[in-house]
>>> print(open('coords13.cif').read())   # mmCIF, C-alpha atoms
data_target
#
loop_
_atom_site.label_atom_id
_atom_site.label_comp_id
_atom_site.auth_asym_id
_atom_site.auth_seq_id
_atom_site.Cartn_x
_atom_site.Cartn_y
_atom_site.Cartn_z
CA MET W 757 81.32 77.27 94.32
CA ARG W 758 79.95 77.79 97.82
CA THR W 759 82.68 80.31 98.61
CA LYS W 760 82.04 82.18 95.36
CA ALA W 761 78.29 82.29 96.00
CA LEU W 762 78.79 83.64 99.51
CA LEU W 763 81.20 86.30 98.28
CA LEU W 764 78.84 87.42 95.53
CA ALA W 765 75.99 87.67 98.02
CA ALA W 766 78.13 89.70 100.43
CA VAL W 767 79.28 92.10 97.73
CA ALA W 768 75.73 92.54 96.47
CA ALA W 769 74.63 93.43 99.99
CA VAL W 770 77.43 95.97 100.24
CA THR W 771 76.38 97.57 96.96
CA MET W 772 72.88 98.02 98.39
CA LEU W 773 74.34 99.53 101.57
CA ALA W 774 76.40 101.96 99.56
CA GLY W 775 73.31 103.10 97.71
CA CYS W 776 70.86 103.40 100.57
CA GLY W 777 72.90 103.67 103.76
CA LYS W 778 73.72 106.81 105.65
CA GLY W 779 76.28 108.87 103.74
CA ALA W 780 79.52 110.19 105.15
CA SER W 781 79.25 113.55 106.84
CA ASP W 782 80.05 116.61 104.75
CA GLU W 783 81.63 118.23 107.81
CA PRO W 784 85.28 117.40 108.60
CA SER W 785 85.86 115.59 111.87
CA MET W 786 88.84 114.45 113.94
CA SER W 787 86.74 111.73 115.55
CA LEU W 788 86.86 108.40 113.77
CA THR W 789 86.15 104.72 114.21
CA VAL W 790 88.85 102.27 113.19
CA GLY W 791 87.80 98.71 112.45
CA TYR W 792 90.20 95.79 112.58
CA THR W 793 89.29 92.34 111.49
CA GLN W 794 90.51 89.77 114.00
CA ILE W 795 91.58 89.50 117.58
CA GLY W 796 95.32 88.86 117.90
CA ALA W 797 98.71 90.53 117.93
CA ALA W 798 98.71 91.67 114.29
CA TYR W 799 97.07 94.94 115.25
CA SER W 800 99.58 95.84 117.95
CA ASP W 801 100.14 99.13 116.11
CA LEU W 802 96.57 100.12 117.03
CA TYR W 803 96.89 98.74 120.56
CA VAL W 804 100.05 100.74 121.21
CA CYS W 805 98.53 103.88 119.67
CA GLU W 806 95.68 103.62 122.17
CA ASP W 807 97.77 102.64 125.19
CA LYS W 808 100.41 105.33 124.63
CA GLY W 809 97.91 108.09 123.78
CA VAL W 810 99.39 108.61 120.30
CA PHE W 811 96.04 109.17 118.61
CA GLU W 812 95.08 111.81 121.16
CA LYS W 813 98.48 113.49 120.89
CA ASN W 814 97.92 113.87 117.16
CA GLY W 815 94.49 115.44 117.64
CA LEU W 816 92.36 112.36 117.01
CA ASP W 817 89.46 110.94 118.98
CA VAL W 818 89.64 107.28 117.95
CA LYS W 819 87.37 104.38 118.76
CA LEU W 820 88.75 100.93 117.97
CA THR W 821 86.19 98.31 117.04
CA ARG W 822 86.82 94.67 116.26
CA LEU W 823 85.02 92.95 113.40
CA ASN W 824 84.65 89.19 113.19
CA SER W 825 86.58 88.85 109.93
CA SER W 826 87.84 90.66 106.84
CA SER W 827 84.65 89.66 105.07
CA GLN W 828 82.76 92.17 107.28
CA LEU W 829 85.08 95.06 106.53
CA LEU W 830 83.58 96.03 103.19
CA ALA W 831 80.05 96.34 104.56
CA SER W 832 81.32 98.29 107.59
CA LEU W 833 83.15 100.84 105.43
CA SER W 834 80.25 101.20 103.00
CA SER W 835 77.73 101.81 105.77
CA ASN W 836 80.10 104.21 107.59
CA SER W 837 80.04 102.13 110.76
CA VAL W 838 83.83 102.34 110.52
CA ASN W 839 85.77 105.20 108.89
CA ILE W 840 89.12 103.47 108.51
CA GLY W 841 89.35 99.71 108.28
CA ALA W 842 92.20 97.22 108.29
CA GLY W 843 91.86 93.91 106.52
CA VAL W 844 92.93 91.81 103.56
CA ALA W 845 92.80 93.95 100.42
CA SER W 846 91.31 91.23 98.24
CA SER W 847 88.12 91.50 100.29
CA THR W 848 87.75 95.26 99.85
CA ALA W 849 88.91 95.05 96.22
CA ALA W 850 85.84 92.89 95.61
CA GLY W 851 83.75 95.89 96.57
CA ILE W 852 85.70 98.23 94.33
CA VAL W 853 85.12 96.09 91.25
CA ARG W 854 81.40 96.26 92.08
CA GLY W 855 81.44 100.05 92.29
CA VAL W 856 82.32 100.92 95.91
CA ASP W 857 84.75 103.87 96.08
CA LEU W 858 87.68 102.96 98.35
CA ARG W 859 91.30 104.02 98.87
CA TYR W 860 94.28 102.23 100.47
CA VAL W 861 96.38 104.58 102.63
CA ALA W 862 98.76 102.42 104.70
CA LEU W 863 100.11 98.87 104.84
CA PRO W 864 102.11 97.96 107.96
CA MET W 865 102.74 94.31 106.98
CA PRO W 866 103.08 93.26 103.31
CA VAL W 867 102.75 89.48 103.86
CA TYR W 868 100.28 86.91 105.17
CA TYR W 869 101.06 86.99 108.88
CA LEU W 870 99.39 83.70 109.80
CA GLU W 871 100.30 80.27 111.13
CA MET W 872 98.78 76.81 110.80
CA TRP W 873 98.54 74.80 114.00
CA GLY W 874 97.21 71.26 114.09
CA LYS W 875 97.24 67.72 115.40
CA SER W 876 100.61 66.34 116.47
CA GLU W 877 100.23 63.47 114.02
CA ILE W 878 100.73 65.99 111.19
CA LYS W 879 104.50 65.97 110.86
CA SER W 880 104.94 68.11 107.74
CA PRO W 881 102.96 70.43 105.44
CA GLU W 882 102.58 67.54 102.99
CA ASP W 883 100.65 65.62 105.65
CA VAL W 884 97.90 68.27 105.49
CA LYS W 885 96.68 66.86 102.16
CA GLY W 886 92.97 66.09 102.30
CA ARG W 887 92.66 67.32 105.88
CA LYS W 888 89.97 69.59 107.31
CA ILE W 889 91.35 73.09 107.90
CA GLY W 890 89.44 75.46 110.16
CA LEU W 891 88.98 79.07 108.97
CA SER W 892 86.79 81.92 110.16
CA SER W 893 84.85 82.73 106.98
CA PRO W 894 85.02 82.90 103.18
CA GLY W 895 87.01 85.95 102.09
CA SER W 896 88.85 86.19 105.41
CA LEU W 897 92.60 86.64 105.68
CA GLY W 898 93.01 82.99 106.59
CA ASP W 899 90.95 81.93 103.60
CA ALA W 900 93.09 84.07 101.27
CA ALA W 901 96.35 82.80 102.79
CA LEU W 902 95.31 79.16 102.55
CA LYS W 903 94.32 79.61 98.90
CA ALA W 904 97.71 81.16 98.16
CA TRP W 905 99.44 78.20 99.81
CA VAL W 906 97.31 75.62 97.97
CA LYS W 907 98.01 77.37 94.66
CA ASP W 908 101.75 77.36 95.39
CA THR W 909 102.07 73.79 96.69
CA GLY W 910 99.25 71.98 94.87
CA ILE W 911 98.25 70.36 98.17
CA GLU W 912 94.46 70.21 98.29
CA VAL W 913 92.65 70.53 101.62
CA GLU W 914 89.08 70.79 102.87
CA PRO W 915 88.29 74.28 104.25
CA VAL W 916 85.80 74.41 107.10
CA TYR W 917 84.30 77.83 107.88
CA LEU W 918 83.61 78.33 111.58
CA LYS W 919 82.68 82.06 111.79
CA SER W 920 85.24 83.13 114.42
CA VAL W 921 88.74 82.49 115.72
CA PRO W 922 87.53 81.19 119.13
CA ALA W 923 85.37 78.72 117.20
CA GLU W 924 88.44 77.64 115.22
CA VAL W 925 90.40 76.97 118.40
CA ALA W 926 87.48 75.08 119.94
CA ALA W 927 87.01 72.97 116.82
CA LEU W 928 90.68 71.98 116.81
CA GLU W 929 90.61 71.05 120.48
CA GLN W 930 87.42 69.03 119.98
CA GLY W 931 88.79 67.21 116.94
CA SER W 932 86.27 68.64 114.45
CA VAL W 933 89.12 69.90 112.25
CA ASP W 934 92.69 68.73 111.80
CA ALA W 935 94.32 72.17 111.75
CA ILE W 936 93.47 75.87 111.92
CA VAL W 937 94.84 79.03 110.32
CA THR W 938 95.18 82.01 112.69
CA GLN W 939 97.51 84.82 113.71
CA PRO W 940 99.56 84.59 116.91
CA PRO W 941 98.77 84.13 119.71
CA ASN W 942 95.42 82.54 118.83
CA GLY W 943 96.53 79.27 117.33
CA THR W 944 99.79 79.38 119.24
CA GLN W 945 97.97 78.87 122.53
CA THR W 946 96.95 75.36 121.43
CA ARG W 947 100.53 74.18 121.94
CA GLU W 948 99.72 73.91 125.64
CA LYS W 949 97.22 71.18 124.74
CA GLY W 950 99.57 69.17 122.57
CA PHE W 951 99.07 70.73 119.15
CA ASP W 952 101.99 71.66 116.91
CA LYS W 953 102.87 74.38 114.45
CA ILE W 954 102.75 72.98 110.92
CA LEU W 955 103.76 76.03 108.88
CA ASP W 956 103.41 79.76 108.53
CA PHE W 957 102.43 81.83 105.52
CA THR W 958 104.86 84.73 105.87
CA LYS W 959 106.75 83.96 102.65
CA TYR W 960 103.70 84.97 100.62
CA PRO W 961 103.50 88.71 99.81
CA ALA W 962 100.04 90.21 100.30
CA ALA W 963 98.23 93.41 101.22
CA SER W 964 97.02 91.57 104.28
CA ASN W 965 96.03 94.38 106.63
CA ALA W 966 95.73 97.38 104.36
CA TYR W 967 94.20 100.47 105.98
CA THR W 968 91.27 101.42 103.80
CA ILE W 969 88.85 104.36 103.61
CA THR W 970 86.05 105.50 101.33
CA GLY W 971 86.73 108.15 98.74
CA GLN W 972 84.08 110.37 100.29
CA TYR W 973 85.62 110.13 103.76
CA LEU W 974 89.02 111.00 102.33
CA LYS W 975 87.60 113.98 100.48
CA VAL W 976 85.99 115.48 103.58
CA ASN W 977 88.43 114.37 106.30
CA SER W 978 91.91 114.53 104.78
CA LYS W 979 93.27 116.19 107.93
CA ALA W 980 92.09 113.26 110.06
CA VAL W 981 93.55 110.77 107.60
CA GLN W 982 96.90 112.59 107.73
CA ALA W 983 96.83 112.44 111.53
CA PHE W 984 95.96 108.74 111.43
CA VAL W 985 98.83 107.87 109.08
CA LYS W 986 101.17 109.94 111.25
CA SER W 987 100.00 108.01 114.31
CA GLU W 988 100.44 104.72 112.48
CA VAL W 989 104.04 105.54 111.57
CA GLU W 990 104.79 106.65 115.12
CA CYS W 991 103.28 103.52 116.64
CA LEU W 992 105.20 101.25 114.31
CA SER W 993 108.35 102.91 115.61
CA ILE W 994 107.26 102.16 119.19
CA LEU W 995 106.78 98.51 118.28
CA HIS W 996 110.29 98.36 116.84
CA LYS W 997 111.95 100.24 119.69
CA ASP W 998 109.98 99.31 122.82
CA ARG W 999 109.59 95.54 123.14
CA LYS W 1000 108.33 95.80 126.71
CA GLN W 1001 105.49 98.16 125.77
CA ALA W 1002 104.56 96.07 122.75
CA ILE W 1003 104.34 92.90 124.82
CA ALA W 1004 102.24 94.67 127.45
CA SER W 1005 99.81 95.87 124.78
CA ILE W 1006 99.62 92.40 123.24
CA ARG W 1007 98.75 90.91 126.62
CA LYS W 1008 96.11 93.55 127.20
CA HIS W 1009 94.36 93.43 123.82
CA SER W 1010 95.10 90.17 121.99
CA GLY W 1011 92.69 87.99 123.94
CA VAL W 1012 95.44 85.83 125.47
CA ASP W 1013 96.93 87.26 128.66
CA ASP W 1014 100.04 85.11 128.83
CA GLU W 1015 103.57 86.50 129.01
CA ALA W 1016 105.21 83.69 127.05
CA LEU W 1017 102.61 83.81 124.28
CA ALA W 1018 102.88 87.60 124.09
CA GLU W 1019 106.66 87.32 123.74
CA TYR W 1020 106.27 84.67 121.04
CA SER W 1021 103.79 86.89 119.21
CA TYR W 1022 106.04 89.93 119.40
CA ASP W 1023 109.04 88.03 118.06
CA PHE W 1024 106.89 86.65 115.22
CA PHE W 1025 105.57 90.06 114.16
CA ASP W 1026 108.64 92.19 114.83
CA LYS W 1027 110.24 90.75 111.69
CA LEU W 1028 107.15 91.64 109.64
CA TRP W 1029 106.21 95.17 110.74
CA VAL W 1030 107.67 97.75 108.39
CA LYS W 1031 109.00 101.17 109.34
CA GLU W 1032 107.34 102.89 106.41
CA PRO W 1033 103.81 101.53 105.79
CA ARG W 1034 103.75 102.25 102.07
CA VAL W 1035 100.98 100.66 100.02
CA GLU W 1036 102.67 98.79 97.17
CA PRO W 1037 100.60 98.95 93.95
CA ASP W 1038 101.79 95.49 92.89
CA LEU W 1039 100.23 93.96 96.01
CA ILE W 1040 97.00 95.85 95.39
CA LYS W 1041 97.02 94.60 91.79
CA ASP W 1042 97.33 91.05 93.12
CA ALA W 1043 94.37 91.71 95.41
CA PHE W 1044 92.29 92.92 92.46
CA ASP W 1045 93.23 89.83 90.46
CA VAL W 1046 91.91 87.64 93.27
CA ALA W 1047 88.75 89.75 93.59
CA ALA W 1048 88.12 89.62 89.85
CA LYS W 1049 88.38 85.84 89.84
CA GLU W 1050 86.00 85.51 92.79
CA THR W 1051 83.38 87.99 91.58
CA GLY W 1052 83.56 87.43 87.83
CA LYS W 1053 84.09 91.18 87.33
CA PRO W 1054 87.12 92.62 85.49
CA ALA W 1055 89.95 94.10 87.53
CA PRO W 1056 90.71 97.79 86.85
CA ALA W 1057 93.43 98.41 84.30
CA ASP W 1058 95.03 101.03 86.57
CA VAL W 1059 95.03 100.20 90.29
CA GLY W 1060 97.05 103.33 91.12
CA LYS W 1061 93.92 105.43 91.54
CA TYR W 1062 92.99 103.35 94.58
CA VAL W 1063 96.37 103.78 96.28
CA ASP W 1064 97.09 106.98 98.18
CA ASN W 1065 100.59 107.23 99.64
CA SER W 1066 100.49 111.04 99.70
CA PHE W 1067 100.07 111.18 103.49
CA LEU W 1068 103.10 108.97 104.01
CA ASP W 1069 105.06 110.94 101.39
CA LYS W 1070 104.43 114.15 103.34
CA LEU W 1071 105.73 112.62 106.56
CA LYS W 1072 108.81 111.35 104.76
CA SER W 1073 109.54 114.66 103.07
CA ASP W 1074 109.17 116.43 106.43
CA GLY W 1075 111.80 114.11 107.92
CA PHE W 1076 109.29 112.75 110.45
CA ILE W 1077 110.05 109.07 109.87
CA GLU W 1078 113.81 109.57 109.92
CA LYS W 1079 113.60 111.43 113.24
CA LEU W 1080 111.62 108.62 114.84
CA TYR W 1081 114.51 106.23 114.32
CA GLU W 1082 117.43 108.58 114.98
CA LYS W 1083 117.92 107.20 118.49
CA ALA W 1084 116.88 103.62 117.70
#
>>> encode(input="coords13.cif", output="structure tokens")
Amino acid sequence: MRTKALLLAAVAAVTMLAGCGKGASDEPSMSLTVGYTQIGAAYSDLYVCEDKGVFEKNGLDVKLTRLNSSSQLLASLSSNSVNIGAGVASSTAAGIVRGVDLRYVALPMPVYYLEMWGKSEIKSPEDVKGRKIGLSSPGSLGDAALKAWVKDTGIEVEPVYLKSVPAEVAALEQGSVDAIVTQPPNGTQTREKGFDKILDFTKYPAASNAYTITGQYLKVNSKAVQAFVKSEVECLSILHKDRKQAIASIRKHSGVDDEALAEYSYDFFDKLWVKEPRVEPDLIKDAFDVAAKETGKPAPADVGKYVDNSFLDKLKSDGFIEKLYEKA
């Protein structure tokens, strides 16, 4: 009930922002702010785009900004503090069912890309039953992944919301929680202090870091969105083809400057990054089903109107994606 109340309050605040906040500019721009929702290696596509100058090459002036969790993404998009945001689609779908106009334009990983690390006394996933599990916030990616796991396994746990990933790590090390849910290398770094990996969530399909924009931004800045999707596709190819560069970018941006942890993170994510970041309507439908349950609002009958793969389709028809991998 507490989680539902917090989500309803957050969505209500977003609805107010959408009504009274500063509107998107009516003038097209190639400058944009991209928000991503946690520190870690999952956003290596953005890190590489910045480090290799891919955004600039494609005519974009991009500012990357990190949000504390996916639960902040909806408010950031609605208030135009970010123009394109990456985060779990169930969080932004909660805004759509309350009237916020959003579109999903790219999905580089179609699964929950998280791990659970915890006390060494926890020898199996079954041993997590009844334990305190540290998460950043209600509606976050970790929260959504843990709920999917609980639904699948029937193993009940006690979620503890700690506001940030560093707070999760600190709580585990201090013994305030028994395990935490994070992306590599955040939880992974606790292995140096005697904690063990319990499980990962990668078998569960999800629109976990869907790139999302407002309908108004798309209407005015379609050229910038096309350039962003082109950059995204190009940077995914760099991740697949240039392990050394990817590891360097992970060390620089992920918050953990350790070669071994960066290598671990790369090997974890390399299996998950797609070549063609198509937004699958079925995953968006699942996100709406979750949002409808949490908000008490009905999910839209047709989710296709919120999915826009046209920018990716253009790149594919032009042969751009195929050319990127010709020499792979």
>>> resolve_selection(input="coords13.cif", expression="the PyMOL selection byres ((chain W and resi 823) around 6)", output="CSV table (one decimal) with C-alpha atoms, in the frame of the given file")
chain,number,residue,atom,x,y,z
W,792,TYR,CA,90.2,95.8,112.6
W,793,THR,CA,89.3,92.3,111.5
W,822,ARG,CA,86.8,94.7,116.3
W,824,ASN,CA,84.6,89.2,113.2
W,825,SER,CA,86.6,88.8,109.9
>>> resolve_selection(input="coords13.cif", expression="the PyMOL selection byres ((chain W and resi 864) around 8)", output="MDAnalysis selection string")
chainID W and resid 862:863 865:866 965:966 992 1029:1034
>>> resolve_selection(input="coords13.cif", expression="the PyMOL selection byres ((chain W and resi 969) around 8)", output="number ranges by chain")
W: 833, 839-841, 858-861, 967-968, 970-971, 973-974
>>> closest_atom_pairs(input="coords13.cif", of="stretch 955-1044 of chain W", to="stretch 1067-1079 of chain W", cutoff="12 Å", atoms="all atoms listed in the file", output="JSON lines")
{"residue": "W:Leu974", "atom": "CA", "partner": "W:Phe1067", "partner_atom": "CA", "distance": 11.1}
{"residue": "W:Ser978", "atom": "CA", "partner": "W:Phe1067", "partner_atom": "CA", "distance": 8.9}
{"residue": "W:Lys979", "atom": "CA", "partner": "W:Phe1067", "partner_atom": "CA", "distance": 9.5}
{"residue": "W:Ala980", "atom": "CA", "partner": "W:Phe1067", "partner_atom": "CA", "distance": 10.5}
{"residue": "W:Val981", "atom": "CA", "partner": "W:Phe1067", "partner_atom": "CA", "distance": 7.7}
{"residue": "W:Gln982", "atom": "CA", "partner": "W:Phe1067", "partner_atom": "CA", "distance": 5.5}
{"residue": "W:Ala983", "atom": "CA", "partner": "W:Phe1067", "partner_atom": "CA", "distance": 8.8}
{"residue": "W:Phe984", "atom": "CA", "partner": "W:Phe1067", "partner_atom": "CA", "distance": 9.3}
{"residue": "W:Val985", "atom": "CA", "partner": "W:Phe1067", "partner_atom": "CA", "distance": 6.6}
{"residue": "W:Lys986", "atom": "CA", "partner": "W:Leu1071", "partner_atom": "CA", "distance": 7.1}
{"residue": "W:Ser987", "atom": "CA", "partner": "W:Leu1071", "partner_atom": "CA", "distance": 10.7}
{"residue": "W:Glu988", "atom": "CA", "partner": "W:Leu1068", "partner_atom": "CA", "distance": 9.8}
{"residue": "W:Val989", "atom": "CA", "partner": "W:Ile1077", "partner_atom": "CA", "distance": 7.2}
{"residue": "W:Glu990", "atom": "CA", "partner": "W:Ile1077", "partner_atom": "CA", "distance": 7.8}
{"residue": "W:Cys991", "atom": "CA", "partner": "W:Ile1077", "partner_atom": "CA", "distance": 11.1}
{"residue": "W:Leu992", "atom": "CA", "partner": "W:Ile1077", "partner_atom": "CA", "distance": 10.2}
{"residue": "W:Ser993", "atom": "CA", "partner": "W:Ile1077", "partner_atom": "CA", "distance": 8.6}
{"residue": "W:Ile994", "atom": "CA", "partner": "W:Ile1077", "partner_atom": "CA", "distance": 11.9}
{"residue": "W:Val1030", "atom": "CA", "partner": "W:Ile1077", "partner_atom": "CA", "distance": 11.7}
{"residue": "W:Lys1031", "atom": "CA", "partner": "W:Ile1077", "partner_atom": "CA", "distance": 8.0}
{"residue": "W:Glu1032", "atom": "CA", "partner": "W:Ile1077", "partner_atom": "CA", "distance": 7.6}
{"residue": "W:Pro1033", "atom": "CA", "partner": "W:Leu1068", "partner_atom": "CA", "distance": 7.7}
{"residue": "W:Arg1034", "atom": "CA", "partner": "W:Leu1068", "partner_atom": "CA", "distance": 7.0}
{"residue": "W:Val1035", "atom": "CA", "partner": "W:Leu1068", "partner_atom": "CA", "distance": 9.5}
>>> residues_around(input="coords13.cif", residues="stretch 950-961 of chain W", least_positions_apart="5", cutoff="6 Å", atoms="only C-alpha atoms", output="list of chain:residue names")
W:Pro866, W:Val867, W:Tyr868, W:Tyr869, W:Leu870, W:Glu871, W:Met872, W:Trp873, W:Gly874, W:Lys875, W:Ser876
>>> atom_distance(input="coords13.cif", atom1="atom CA of W:Ile1040", atom2="atom CA of W:Leu1028")
18.0 Å
>>> atom_distance(input="coords13.cif", atom1="atom CA of W:Glu1050", atom2="atom CA of W:Ala900")
11.1 Å
>>> closest_residue(input="coords13.cif", among="W:Ile795, W:Val818, W:Val844, W:Ile878", to="W:Gly895", atoms="only C-alpha atoms")
W:Val844
>>> atom_distance(input="coords13.cif", atom1="atom CA of W:Gly890", atom2="atom CA of W:Thr946")
13.5 Å
>>> residues_around(input="coords13.cif", residues="W:Ser1005", least_positions_apart="5", cutoff="10 Å", atoms="all atoms listed in the file", output="list in words")
Ala797, Tyr799, Ser800, Asp801, Leu802, Tyr803, Val804, Cys805, Glu806, Asp807, Lys808, Leu995, Arg999, Lys1000, Ser1010, Asp1013 and Ala1018 of chain W
>>> closest_residue(input="coords13.cif", among="W:Asp1014, W:Asn977, W:Ala927, W:Leu918", to="W:Pro784", atoms="only C-alpha atoms")
W:Asn977
>>> closest_residue(input="coords13.cif", among="W:Ile911, W:Ala1002, W:Leu829, W:Val856", to="W:Gln972", atoms="only C-alpha atoms")
W:Val856
